[in-house]
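> You'll find coords_11.csv just under this line, and it carries CSV, C-alpha atoms.
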chain,number,residue,atom,x,y,z
A,1,MET,CA,-22.9,-11.5,19.1
A,2,LYS,CA,-20.4,-13.7,17.3
A,3,PRO,CA,-17.2,-11.8,16.5
A,4,ILE,CA,-15.5,-10.9,13.2
A,5,VAL,CA,-12.2,-12.8,13.3
A,6,ILE,CA,-9.0,-11.8,11.5
A,7,ILE,CA,-6.2,-14.4,11.1
A,8,GLY,CA,-2.9,-12.6,10.7
A,9,SER,CA,-1.3,-9.5,12.2
A,10,GLY,CA,0.6,-8.1,9.3
A,11,MET,CA,-0.2,-5.0,7.4
A,12,ALA,CA,-3.2,-6.5,5.8
A,13,GLY,CA,-4.8,-7.8,9.0
A,14,TYR,CA,-4.2,-4.5,10.9
A,15,SER,CA,-5.4,-2.4,8.0
A,16,VAL,CA,-8.7,-4.3,7.8
A,17,ALA,CA,-9.2,-3.9,11.6
A,18,ARG,CA,-8.3,-0.2,11.4
A,19,GLU,CA,-10.7,0.6,8.5
A,20,PHE,CA,-13.5,-1.5,10.0
A,21,ARG,CA,-13.3,0.4,13.3
A,22,LYS,CA,-13.8,3.7,11.4
A,23,LEU,CA,-17.2,2.3,10.4
A,24,ASP,CA,-18.1,0.1,13.4
A,25,ALA,CA,-16.8,0.8,16.9
A,26,ASP,CA,-18.7,-1.9,18.7
A,27,THR,CA,-18.9,-5.3,16.8
A,28,PRO,CA,-16.5,-7.7,18.6
A,29,LEU,CA,-13.2,-8.1,16.7
A,30,ILE,CA,-10.7,-10.9,17.4
A,31,MET,CA,-7.3,-11.3,15.8
A,32,LEU,CA,-5.3,-14.5,15.9
A,33,THR,CA,-1.6,-14.5,15.1
A,34,ALA,CA,1.2,-17.0,15.2
A,35,ASN,CA,3.7,-14.4,16.3
A,36,ALA,CA,3.9,-11.6,18.9
A,37,GLY,CA,1.5,-9.4,16.9
A,38,GLY,CA,3.5,-6.2,17.0
A,39,ALA,CA,2.7,-3.6,14.3
A,40,TYR,CA,5.4,-2.6,11.8
A,41,SER,CA,5.9,-1.7,8.2
A,42,LYS,CA,7.1,-4.8,6.3
A,43,PRO,CA,8.5,-2.8,3.3
A,44,MET,CA,11.0,-1.2,5.7
A,45,LEU,CA,12.7,-4.6,6.4
A,46,SER,CA,14.7,-4.3,3.2
A,47,ASN,CA,16.0,-0.8,3.9
A,48,ALA,CA,16.2,-0.7,7.7
A,49,PHE,CA,20.0,0.0,7.8
A,50,ALA,CA,19.4,3.2,5.7
A,51,LYS,CA,16.7,4.2,8.2
A,52,ASN,CA,18.9,3.4,11.2
A,53,LYS,CA,16.3,0.8,12.3
A,54,ASN,CA,16.7,-2.6,13.9
A,55,ALA,CA,14.0,-5.2,14.7
A,56,THR,CA,13.1,-3.4,17.9
A,57,THR,CA,12.9,0.1,16.6
A,58,LEU,CA,11.0,-1.0,13.5
A,59,LEU,CA,8.0,-1.8,15.7
A,60,THR,CA,5.5,1.0,15.8
A,61,ALA,CA,3.2,-0.6,18.5
A,62,SER,CA,3.0,-3.8,20.6
A,63,SER,CA,0.0,-6.1,20.3
A,64,GLN,CA,-1.2,-4.8,23.6
A,65,ASN,CA,-1.2,-1.2,22.3
A,66,MET,CA,-2.9,-2.3,19.0
A,67,ALA,CA,-5.6,-4.1,21.0
A,68,LYS,CA,-6.3,-0.9,22.9
A,69,GLN,CA,-6.2,1.4,19.8
A,70,LEU,CA,-8.6,-0.8,17.8
A,71,ASN,CA,-10.8,-2.3,20.6
A,72,ILE,CA,-9.8,-5.8,19.5
A,73,ASP,CA,-8.9,-9.0,21.3
A,74,ILE,CA,-5.5,-10.2,20.0
A,75,PHE,CA,-4.4,-13.8,20.7
A,76,THR,CA,-0.6,-14.1,20.0
A,77,GLY,CA,1.3,-17.3,19.5
A,78,THR,CA,-1.8,-19.0,18.1
A,79,ASP,CA,-1.6,-21.4,15.2
A,80,VAL,CA,-4.9,-22.1,13.5
A,81,SER,CA,-5.0,-25.7,12.4
A,82,LEU,CA,-8.4,-25.9,10.6
A,83,LEU,CA,-11.6,-24.1,9.7
A,84,ASN,CA,-15.0,-25.7,10.1
A,85,THR,CA,-16.8,-23.8,7.4
A,86,ILE,CA,-20.1,-25.6,8.2
A,87,THR,CA,-20.3,-24.5,11.8
A,88,GLN,CA,-18.3,-21.4,11.2
A,89,GLU,CA,-15.6,-22.2,13.8
A,90,ILE,CA,-11.9,-21.7,13.9
A,91,ILE,CA,-9.9,-24.6,15.4
A,92,HIS,CA,-6.6,-24.1,17.1
A,93,GLY,CA,-5.3,-26.9,19.3
A,94,ASP,CA,-8.2,-28.0,21.5
A,95,GLU,CA,-10.0,-24.7,21.3
A,96,LYS,CA,-12.7,-23.4,19.0
A,97,ILE,CA,-13.7,-19.9,18.2
A,98,ALA,CA,-17.1,-19.2,16.5
A,99,TYR,CA,-17.2,-16.4,13.9
A,100,GLN,CA,-19.8,-14.5,12.0
A,101,LYS,CA,-17.3,-13.4,9.4
A,102,LEU,CA,-13.6,-14.4,8.9
A,103,VAL,CA,-10.8,-12.6,7.2
A,104,LEU,CA,-7.7,-14.6,6.1
A,105,ALA,CA,-4.7,-12.2,6.1
A,106,VAL,CA,-2.1,-14.9,6.4
A,107,GLY,CA,0.5,-13.5,4.0
A,108,ALA,CA,3.0,-15.3,1.9
A,109,ASN,CA,5.9,-17.7,2.5
A,110,PRO,CA,9.4,-17.3,1.1
A,111,PHE,CA,10.1,-19.5,-1.9
A,112,ARG,CA,13.1,-21.7,-1.1
A,113,PRO,CA,15.2,-22.8,-4.1
A,114,PRO,CA,16.0,-26.5,-4.4
A,115,LEU,CA,19.5,-26.5,-2.9
A,116,THR,CA,21.7,-29.3,-1.7
A,117,GLY,CA,24.6,-29.2,0.8
A,118,ASN,CA,25.1,-29.5,4.6
A,119,ALA,CA,24.2,-25.9,5.3
A,120,VAL,CA,20.9,-25.6,3.4
A,121,ASN,CA,19.0,-25.0,6.7
A,122,ASP,CA,21.3,-22.1,7.5
A,123,VAL,CA,20.2,-20.1,4.5
A,124,LEU,CA,18.1,-17.2,5.9
A,125,THR,CA,15.0,-15.5,4.6
A,126,VAL,CA,13.4,-12.3,5.7
A,127,ASN,CA,9.7,-12.2,5.5
A,128,ASN,CA,8.7,-10.7,8.8
A,129,ILE,CA,10.1,-8.9,11.8
A,130,ASP,CA,11.1,-12.1,13.6
A,131,ASP,CA,13.1,-13.2,10.5
A,132,TYR,CA,14.7,-9.7,10.4
A,133,ALA,CA,15.8,-10.0,14.0
A,134,LYS,CA,17.4,-13.3,13.3
A,135,PHE,CA,19.1,-11.9,10.2
A,136,ARG,CA,20.5,-8.9,12.1
A,137,ASN,CA,21.8,-11.2,14.8
A,138,ALA,CA,23.4,-13.4,12.2
A,139,ILE,CA,25.3,-10.6,10.4
A,140,ASP,CA,26.5,-9.0,13.7
A,141,GLU,CA,30.3,-8.6,13.4
A,142,LYS,CA,30.2,-10.4,10.0
A,143,LYS,CA,31.2,-8.8,6.7
A,144,GLN,CA,30.5,-11.0,3.6
A,145,ILE,CA,26.8,-11.4,2.7
A,146,ILE,CA,25.7,-13.6,-0.2
A,147,ILE,CA,22.2,-12.8,-1.6
A,148,LEU,CA,20.3,-15.3,-3.7
A,149,GLY,CA,18.1,-13.4,-6.1
A,150,GLY,CA,18.3,-10.0,-7.8
A,151,GLY,CA,14.7,-9.1,-8.0
A,152,LEU,CA,12.9,-6.3,-6.0
A,153,ILE,CA,13.8,-7.5,-2.5
A,154,GLY,CA,17.2,-8.8,-3.4
A,155,SER,CA,18.2,-5.5,-5.0
A,156,GLU,CA,16.8,-3.5,-2.1
A,157,PHE,CA,18.7,-5.6,0.5
A,158,ALA,CA,21.9,-5.4,-1.6
A,159,ASN,CA,21.7,-1.6,-1.7
A,160,ASP,CA,20.9,-1.3,2.0
A,161,LEU,CA,23.7,-3.7,3.1
A,162,ALA,CA,26.3,-2.1,0.9
A,163,HIS,CA,25.4,1.3,2.3
A,164,ALA,CA,26.1,-0.2,5.7
A,165,GLN,CA,29.6,-1.2,4.5
A,166,PHE,CA,29.0,-5.0,4.1
A,167,GLU,CA,30.7,-6.8,1.3
A,168,VAL,CA,27.7,-8.0,-0.8
A,169,THR,CA,27.5,-10.6,-3.6
A,170,VAL,CA,24.3,-11.1,-5.5
A,171,VAL,CA,23.7,-14.3,-7.4
A,172,ASP,CA,20.8,-14.0,-9.9
A,173,ARG,CA,19.6,-16.2,-12.8
A,174,ASN,CA,18.7,-13.2,-14.9
A,175,ALA,CA,21.0,-11.2,-17.1
A,176,TRP,CA,20.3,-8.0,-15.2
A,177,PRO,CA,18.5,-6.9,-12.0
A,178,LEU,CA,14.7,-7.2,-12.0
A,179,GLY,CA,15.1,-9.1,-15.3
A,180,ASN,CA,11.5,-10.3,-15.2
A,181,LEU,CA,10.1,-6.8,-14.8
A,182,ILE,CA,12.2,-4.2,-16.6
A,183,PRO,CA,14.0,-3.9,-20.0
A,184,GLN,CA,17.7,-4.4,-20.2
A,185,ILE,CA,18.7,-0.7,-20.5
A,186,VAL,CA,17.1,0.1,-17.2
A,187,GLY,CA,18.4,-3.0,-15.6
A,188,LYS,CA,21.9,-2.3,-16.8
A,189,LYS,CA,21.8,1.2,-15.3
A,190,LEU,CA,20.6,-0.3,-11.9
A,191,HIS,CA,23.4,-2.9,-12.2
A,192,GLN,CA,26.0,-0.2,-12.8
A,193,SER,CA,24.8,1.8,-9.9
A,194,LEU,CA,24.9,-1.2,-7.5
A,195,VAL,CA,28.3,-2.3,-8.7
A,196,ALA,CA,29.5,1.2,-8.0
A,197,LEU,CA,28.8,0.5,-4.4
A,198,ASN,CA,31.2,-2.5,-4.6
A,199,ILE,CA,28.4,-5.0,-4.9
A,200,GLN,CA,29.6,-8.1,-6.8
A,201,TRP,CA,26.8,-9.1,-9.1
A,202,LEU,CA,26.9,-12.6,-10.6
A,203,ALA,CA,24.3,-12.6,-13.4
A,204,SER,CA,22.9,-15.5,-15.5
A,205,THR,CA,23.7,-18.1,-12.9
A,206,SER,CA,22.1,-19.7,-9.9
A,207,VAL,CA,23.1,-21.5,-6.7
A,208,THR,CA,23.1,-25.3,-6.5
A,209,SER,CA,24.4,-26.0,-3.0
A,210,VAL,CA,25.5,-24.4,0.3
A,211,ASP,CA,28.0,-26.0,2.6
A,212,THR,CA,30.0,-25.0,5.6
A,213,TYR,CA,33.8,-25.2,5.5
A,214,ASN,CA,36.4,-23.8,7.9
A,215,GLY,CA,33.9,-21.5,9.6
A,216,GLU,CA,32.4,-20.0,6.4
A,217,TYR,CA,29.8,-20.8,3.8
A,218,GLN,CA,30.8,-22.2,0.4
A,219,VAL,CA,28.2,-21.6,-2.2
A,220,SER,CA,28.4,-23.6,-5.4
A,221,LEU,CA,27.1,-22.2,-8.6
A,222,ASP,CA,25.7,-23.9,-11.7
A,223,ASN,CA,28.6,-22.7,-13.8
A,224,GLY,CA,31.0,-24.7,-11.6
A,225,LYS,CA,32.4,-21.8,-9.6
A,226,ARG,CA,32.3,-21.4,-5.8
A,227,ILE,CA,32.0,-18.3,-3.7
A,228,THR,CA,32.4,-17.9,0.1
A,229,GLY,CA,30.6,-15.7,2.6
A,230,ASP,CA,29.7,-15.3,6.3
A,231,VAL,CA,25.9,-15.3,5.8
A,232,VAL,CA,23.6,-16.5,3.0
A,233,LEU,CA,20.3,-14.7,2.4
A,234,SER,CA,17.6,-16.0,0.0
A,235,ALA,CA,15.5,-13.4,-1.7
A,236,VAL,CA,14.1,-15.3,-4.7
A,237,GLY,CA,10.4,-14.5,-4.2
A,238,LEU,CA,7.3,-15.3,-2.2
A,239,LYS,CA,4.4,-17.7,-2.7
A,240,PRO,CA,0.9,-17.1,-1.2
A,241,ASN,CA,0.2,-19.0,2.1
A,242,ILE,CA,-2.7,-21.2,1.0
A,243,THR,CA,-2.1,-24.1,3.5
A,244,LEU,CA,-5.0,-23.3,5.9
A,245,ALA,CA,-7.4,-22.5,3.0
A,246,ALA,CA,-6.6,-25.7,1.2
A,247,LYS,CA,-7.0,-27.9,4.3
A,248,SER,CA,-10.3,-26.2,5.0
A,249,GLY,CA,-11.7,-26.8,1.5
A,250,LEU,CA,-11.6,-23.3,0.1
A,251,GLN,CA,-10.8,-22.8,-3.6
A,252,ILE,CA,-7.2,-22.1,-4.3
A,253,ASN,CA,-5.1,-21.5,-7.3
A,254,ARG,CA,-1.8,-19.5,-7.1
A,255,GLY,CA,-3.4,-17.9,-4.0
A,256,ILE,CA,-6.7,-18.1,-2.1
A,257,VAL,CA,-9.2,-17.4,-4.8
A,258,VAL,CA,-11.5,-14.4,-4.1
A,259,ASP,CA,-14.0,-12.3,-6.1
A,260,LYS,CA,-14.1,-8.5,-6.3
A,261,THR,CA,-15.6,-8.3,-2.8
A,262,LEU,CA,-12.6,-10.3,-1.6
A,263,LYS,CA,-15.0,-13.2,-0.7
A,264,THR,CA,-13.6,-16.7,-1.0
A,265,SER,CA,-15.5,-19.7,-2.4
A,266,VAL,CA,-17.1,-20.1,1.1
A,267,ASP,CA,-19.7,-17.7,2.4
A,268,ASN,CA,-18.5,-15.3,5.2
A,269,ILE,CA,-14.8,-16.0,4.6
A,270,TYR,CA,-12.6,-13.4,3.0
A,271,ALA,CA,-8.9,-13.1,2.1
A,272,ILE,CA,-6.7,-10.1,1.6
A,273,GLY,CA,-3.1,-9.2,1.0
A,274,ASP,CA,-0.2,-11.5,-0.1
A,275,CYS,CA,-2.3,-14.7,0.3
A,276,ALA,CA,-5.2,-13.6,-1.9
A,277,GLU,CA,-5.7,-14.1,-5.7
A,278,VAL,CA,-8.2,-11.4,-6.7
A,279,GLU,CA,-9.8,-12.1,-10.1
A,280,GLY,CA,-6.6,-13.8,-11.2
A,281,PHE,CA,-4.2,-11.1,-9.7
A,282,VAL,CA,-1.7,-11.8,-7.0
A,283,LEU,CA,-0.4,-8.4,-5.9
A,284,PRO,CA,2.0,-8.6,-2.9
A,285,PHE,CA,2.3,-4.8,-2.6
A,286,ILE,CA,1.2,-2.0,-0.3
A,287,MET,CA,-1.3,-0.1,-2.5
A,288,PRO,CA,-3.5,-3.2,-3.3
A,289,ILE,CA,-3.6,-4.0,0.4
A,290,MET,CA,-4.7,-0.5,1.4
A,291,ARG,CA,-7.4,-0.4,-1.2
A,292,GLY,CA,-8.5,-3.9,-0.3
A,293,ALA,CA,-8.7,-3.0,3.4
A,294,ARG,CA,-11.0,-0.1,2.8
A,295,VAL,CA,-13.3,-2.2,0.5
A,296,LEU,CA,-13.4,-5.2,2.8
A,297,ALA,CA,-14.2,-3.0,5.8
A,298,GLN,CA,-17.3,-1.8,4.0
A,299,THR,CA,-18.4,-5.3,3.2
A,300,LEU,CA,-17.7,-6.5,6.8
A,301,ALA,CA,-19.8,-3.6,8.0
A,302,GLY,CA,-22.8,-4.7,5.8
A,303,ASN,CA,-22.2,-2.6,2.8
A,304,VAL,CA,-21.0,-5.1,0.2
A,305,THR,CA,-18.4,-3.3,-2.0
A,306,GLU,CA,-16.3,-4.4,-4.9
A,307,ILE,CA,-12.7,-3.6,-5.3
A,308,SER,CA,-11.1,-1.8,-8.3
A,309,TYR,CA,-7.4,-1.4,-9.0
A,310,PRO,CA,-6.0,1.5,-10.9
A,311,THR,CA,-2.5,1.3,-12.4
A,312,MET,CA,-0.3,1.0,-9.3
A,313,PRO,CA,3.4,1.6,-9.9
A,314,VAL,CA,6.0,-0.1,-7.6
A,315,LEU,CA,8.9,2.1,-6.4
A,316,LEU,CA,12.1,0.2,-5.9
A,317,LYS,CA,13.9,1.3,-2.7
A,318,THR,CA,17.3,1.5,-4.2
A,319,PRO,CA,18.8,4.9,-3.5
A,320,ALA,CA,21.7,4.1,-5.8
A,321,TYR,CA,19.3,4.2,-8.7
A,322,PRO,CA,15.6,4.6,-8.0
A,323,ILE,CA,13.2,2.8,-10.3
A,324,SER,CA,9.4,3.0,-10.7
A,325,VAL,CA,7.8,0.1,-12.6
A,326,VAL,CA,4.5,-1.2,-13.9
A,327,ALA,CA,5.3,-4.5,-15.4
A,328,PRO,CA,3.5,-5.1,-18.6
A,329,PRO,CA,1.3,-8.2,-18.9
A,330,PRO,CA,2.9,-11.3,-20.4
A,331,THR,CA,1.7,-10.4,-23.9
A,332,GLU,CA,3.4,-9.1,-26.9
A,333,GLY,CA,4.6,-5.5,-26.3
A,334,GLU,CA,7.4,-3.3,-27.6
A,335,TRP,CA,9.6,-1.1,-25.4
A,336,LYS,CA,10.3,2.5,-26.5
A,337,ILE,CA,13.2,4.1,-24.7
A,338,GLU,CA,14.0,7.7,-24.0
A,339,GLU,CA,17.3,8.3,-22.2
A,340,THR,CA,18.7,11.5,-20.7
A,341,GLU,CA,21.7,12.2,-18.5
A,342,SER,CA,19.7,11.9,-15.4
A,343,GLY,CA,17.1,9.3,-16.2
A,344,ILE,CA,15.6,6.6,-18.4
A,345,LYS,CA,12.0,6.4,-19.5
A,346,ALA,CA,11.0,3.0,-21.0
A,347,LEU,CA,7.4,2.7,-22.1
A,348,CYS,CA,5.9,-0.6,-23.3
A,349,TYR,CA,3.1,-0.4,-25.9
A,350,ASN,CA,0.9,-3.2,-27.2
A,351,PRO,CA,0.3,-3.7,-31.0
A,352,SER,CA,-2.6,-1.3,-30.7
A,353,ASP,CA,-0.2,1.4,-29.5
A,354,LYS,CA,-1.7,1.4,-26.0
A,355,LEU,CA,0.6,1.9,-23.0
A,356,ILE,CA,0.7,-1.3,-21.0
A,357,GLY,CA,3.7,-0.8,-18.8
A,358,PHE,CA,6.7,1.3,-18.0
A,359,ALA,CA,10.0,1.3,-16.2
A,360,LEU,CA,11.3,4.7,-15.1
A,361,GLY,CA,14.9,5.2,-13.8
A,362,GLY,CA,16.6,8.0,-12.0
A,363,SER,CA,14.9,11.4,-12.4
A,364,ALA,CA,12.2,9.9,-14.7
A,365,THR,CA,10.5,8.3,-11.7
A,366,LYS,CA,8.7,11.6,-11.1
A,367,GLU,CA,6.6,10.9,-14.1
A,368,ALA,CA,5.1,7.7,-12.6
A,369,GLY,CA,1.8,9.3,-11.6
A,370,LYS,CA,1.3,11.0,-14.9
A,371,LEU,CA,1.9,7.9,-16.9
A,372,SER,CA,-0.2,5.7,-14.6
A,373,ALA,CA,-3.2,8.1,-15.3
A,374,LYS,CA,-2.8,7.3,-19.0
A,375,MET,CA,-3.2,3.6,-18.5
A,376,ALA,CA,-6.3,1.5,-18.3
A,377,PRO,CA,-7.3,0.3,-14.7
A,378,LEU,CA,-5.9,-3.0,-13.7
A,379,LEU,CA,-9.3,-4.2,-12.5
Mind turning this structure into structure tokens?


Amino acid sequence: MKPIVIIGSGMAGYSVAREFRKLDADTPLIMLTANAGGAYSKPMLSNAFAKNKNATTLLTASSQNMAKQLNIDIFTGTDVSLLNTITQEIIHGDEKIAYQKLVLAVGANPFRPPLTGNAVNDVLTVNNIDDYAKFRNAIDEKKQIIILGGGLIGSEFANDLAHAQFEVTVVDRNAWPLGNLIPQIVGKKLHQSLVALNIQWLASTSVTSVDTYNGEYQVSLDNGKRITGDVVLSAVGLKPNITLAAKSGLQINRGIVVDKTLKTSVDNIYAIGDCAEVEGFVLPFIMPIMRGARVLAQTLAGNVTEISYPTMPVLLKTPAYPISVVAPPPTEGEWKIEETESGIKALCYNPSDKLIGFALGGSATKEAGKLSAKMAPLL
């Protein structure tokens, strides 16, 4: 019997394997991964200091342990170069692996801003546990960290590093943190809470170049100023990994295009997680991955199932000021604000007075579930 093959050993890949094994204990499963294949929770990378975790202790299981748990053959250090969608074969180096069904769980790649300077290649990103190990090594016995980007991940890293007594400077093109997701009043409260941790927040500006000089990094800004630091971390966003899909002739847009069953434009090939574009949605968050894994496992087991998405709030891991957000769609909407001493509730309504998004800060985050239930399903 030809195996079901999963490419990628992140949360999406392992979740599909785990859910599939609940339905089918015997069909051969193969996982191919370019890294060591250890299991870990990616969301914990941006608050590992607060959890007293390093790259080693973040691992919950080795690839060998996962192989035993899931009755799956895991091939680590394996780069897939091409898919032959006619013969249903995966090509890696001189080897070929035939599949009956294939799951692409290849994640996303960090977006790198267009920088100049002699130290551009020294700018770090953290997108997986290997990146995090490199980052932890780089900041060992260092003090000043410059973070490019004040969105979800940048804000979480800033809070975590400041808690660990690093001197943090954030450079962000928006006027307030999470400027693309939340209204100003909530963003300002988050900003005030992060600044209270001695984080320097440089808003409405961006980095143009990174150079080394006298053993430190000089970062030039578009306003003509320069700042210095020991380590530069870029957290300006992710873009779906579509390289293999594009080379292999699958339909791509922002991500790998899939339908409600998570099937790509080619029969017997599916995509899930950060790499996938589901009916126009690219959702690089945990809840969509977990729902997708359960649905896809059913389909792989022979019970073709379509996915549905309820409203899924995102909780920002910033203990300085917790925020729960459902970003409204890019349509006309009006924010209505309720503020108390302990929290802010910002609700976004469309012209028909329907709730289309919210941003909850502080104690108001406890209302996320109730408000989500009032909103129409995402899909």

> I need the residue nearest Ser193 in chain A from this list: A:Val314, A:Val126, A:Ala320, A:Ile252. Use only C-alpha atoms for the distance.

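Under the stated criterion, the closest residue is A:Ala320.
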
> I'd like the neighbourhood of Ile182 in chain A as a PyMOL selection string, where a residue qualifies if any of its atoms comes within 8 Å (using only C-alpha atoms), though same-chain residues fewer than 4 positions away should be ignored.

chain A and resi 178+186-187+325+327+358-359

> Which residues of range 105-214 of chain A come within 7 Å of range 31-48 of chain A, and for each one, what is the closest pair of atoms and their distance in Å to one decimal, counting all atoms listed in the file, sorted by chain and residue number, as a Markdown table?


| residue | atom | partner | partner_atom | distance |
| --- | --- | --- | --- | --- |
| A:Asn128 | CA | A:Lys42 | CA | 6.6 |
| A:Tyr132 | CA | A:Leu45 | CA | 6.8 |
| A:Ile153 | CA | A:Ser46 | CA | 6.6 |
| A:Glu156 | CA | A:Ser46 | CA | 5.8 |
| A:Phe157 | CA | A:Ser46 | CA | 5.0 |
| A:Asp160 | CA | A:Asn47 | CA | 5.3 |

> Calculated over only C-alpha atoms, which of the candidates A:Val16, A:Val326, A:Ile72, A:Val278 has the smallest distance to Leu29 in chain A?

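Result for the nearest residue to Leu29 in chain A: A:Ile72.
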
> What is the CA of Ile256 in chain A-CA of Ala276 in chain A distance in Å, reported with one decimal?

4.7 Å

> Report, in Å with one decimal, the straight-line distance from CA of Gly149 in chain A to CA of Thr340 in chain A.

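Going from CA of Gly149 in chain A over to CA of Thr340 in chain A covers 28.9 Å.
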
> List the spatial neighbours of Leu233 in chain A as a PyMOL selection string - criterion: any atom at most 6 Å away, all atoms listed in the file, same-chain residues fewer than 3 positions off excluded.

chain A and resi 123-125+147

> Hey, can you check how far CA of Cys348 in chain A sits from CA of Glu334 in chain A?

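It comes out at 5.3 Å.
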
> With all atoms listed in the file as the atoms that count, which of A:Ala50, A:Val80, A:Phe166, A:Ala105 lies nearest to Gly93 in chain A?

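Counting all atoms listed in the file, the residue closest to Gly93 in chain A is A:Val80.
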
> Neighbours of range 215-220 of chain A within 10 Å (all atoms listed in the file; same-chain residues fewer than 4 positions away dropped), as a PyMOL selection string?

chain A and resi 115-119+122-123+144-146+206-211+224-232

> Which is closest to Tyr321 in chain A among A:His191, A:Lys143, A:Lys247, A:Lys68, if we use all atoms listed in the file?

A:His191

> Which is closest to Lys239 in chain A among A:Leu82, A:Ile30, A:Leu194, A:Ala108, if we use only C-alpha atoms?

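Checking each of A:Leu82, A:Ile30, A:Leu194, A:Ala108 against Lys239 in chain A, counting only C-alpha atoms, the winner is A:Ala108.
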
> Neighbouring residues of Lys96 in chain A were defined as those with any atom within 10 Å, considering all atoms listed in the file; residues of the same chain fewer than 5 positions away were excluded. Please report them as a list in words.

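Near Lys96 in chain A, the qualifying residues are Val80, Leu82, Leu83, Asn84, Gln88, Glu89, Ile90 and Ile91 of chain A.
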
> Could range 154-169 of chain A be completed with N, CA and C atoms and returned as a PDB file, in the coordinates of the input?


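Contents of rebuild16.pdb, as written:
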ATOM      1  N   GLY A 154      15.805  -8.583  -3.360  1.00  0.00           N
ATOM      2  CA  GLY A 154      17.200  -8.800  -3.400  1.00  0.00           C
ATOM      3  C   GLY A 154      18.029  -7.548  -3.682  1.00  0.00           C
ATOM      4  N   SER A 155      17.541  -6.769  -4.641  1.00  0.00           N
ATOM      5  CA  SER A 155      18.200  -5.500  -5.000  1.00  0.00           C
ATOM      6  C   SER A 155      18.142  -4.505  -3.850  1.00  0.00           C
ATOM      7  N   GLU A 156      16.984  -4.441  -3.192  1.00  0.00           N
ATOM      8  CA  GLU A 156      16.800  -3.500  -2.100  1.00  0.00           C
ATOM      9  C   GLU A 156      17.767  -3.881  -0.922  1.00  0.00           C
ATOM     10  N   PHE A 157      17.811  -5.157  -0.577  1.00  0.00           N
ATOM     11  CA  PHE A 157      18.700  -5.600   0.500  1.00  0.00           C
ATOM     12  C   PHE A 157      20.167  -5.344   0.110  1.00  0.00           C
ATOM     13  N   ALA A 158      20.527  -5.620  -1.140  1.00  0.00           N
ATOM     14  CA  ALA A 158      21.900  -5.400  -1.600  1.00  0.00           C
ATOM     15  C   ALA A 158      22.307  -3.952  -1.407  1.00  0.00           C
ATOM     16  N   ASN A 159      21.450  -3.034  -1.844  1.00  0.00           N
ATOM     17  CA  ASN A 159      21.700  -1.600  -1.700  1.00  0.00           C
ATOM     18  C   ASN A 159      21.862  -1.206  -0.256  1.00  0.00           C
ATOM     19  N   ASP A 160      20.938  -1.689   0.567  1.00  0.00           N
ATOM     20  CA  ASP A 160      20.900  -1.300   2.000  1.00  0.00           C
ATOM     21  C   ASP A 160      22.166  -1.838   2.714  1.00  0.00           C
ATOM     22  N   LEU A 161      22.534  -3.095   2.455  1.00  0.00           N
ATOM     23  CA  LEU A 161      23.700  -3.700   3.100  1.00  0.00           C
ATOM     24  C   LEU A 161      25.002  -3.078   2.662  1.00  0.00           C
ATOM     25  N   ALA A 162      25.088  -2.785   1.372  1.00  0.00           N
ATOM     26  CA  ALA A 162      26.300  -2.100   0.900  1.00  0.00           C
ATOM     27  C   ALA A 162      26.468  -0.751   1.473  1.00  0.00           C
ATOM     28  N   HIS A 163      25.350  -0.061   1.630  1.00  0.00           N
ATOM     29  CA  HIS A 163      25.400   1.300   2.300  1.00  0.00           C
ATOM     30  C   HIS A 163      25.915   1.163   3.693  1.00  0.00           C
ATOM     31  N   ALA A 164      25.650   0.015   4.346  1.00  0.00           N
ATOM     32  CA  ALA A 164      26.100  -0.200   5.700  1.00  0.00           C
ATOM     33  C   ALA A 164      27.523  -0.844   5.736  1.00  0.00           C
ATOM     34  N   GLN A 165      28.204  -0.823   4.600  1.00  0.00           N
ATOM     35  CA  GLN A 165      29.600  -1.200   4.500  1.00  0.00           C
ATOM     36  C   GLN A 165      29.807  -2.762   4.563  1.00  0.00           C
ATOM     37  N   PHE A 166      28.763  -3.534   4.261  1.00  0.00           N
ATOM     38  CA  PHE A 166      29.000  -5.000   4.100  1.00  0.00           C
ATOM     39  C   PHE A 166      29.468  -5.272   2.710  1.00  0.00           C
ATOM     40  N   GLU A 167      30.201  -6.371   2.588  1.00  0.00           N
ATOM     41  CA  GLU A 167      30.700  -6.800   1.300  1.00  0.00           C
ATOM     42  C   GLU A 167      29.572  -7.776   0.730  1.00  0.00           C
ATOM     43  N   VAL A 168      28.885  -7.325  -0.303  1.00  0.00           N
ATOM     44  CA  VAL A 168      27.700  -8.000  -0.800  1.00  0.00           C
ATOM     45  C   VAL A 168      27.957  -8.650  -2.145  1.00  0.00           C
ATOM     46  N   THR A 169      27.539  -9.908  -2.266  1.00  0.00           N
ATOM     47  CA  THR A 169      27.500 -10.600  -3.600  1.00  0.00           C
ATOM     48  C   THR A 169      26.123 -11.059  -3.851  1.00  0.00           C
TER      49      THR A 169
END
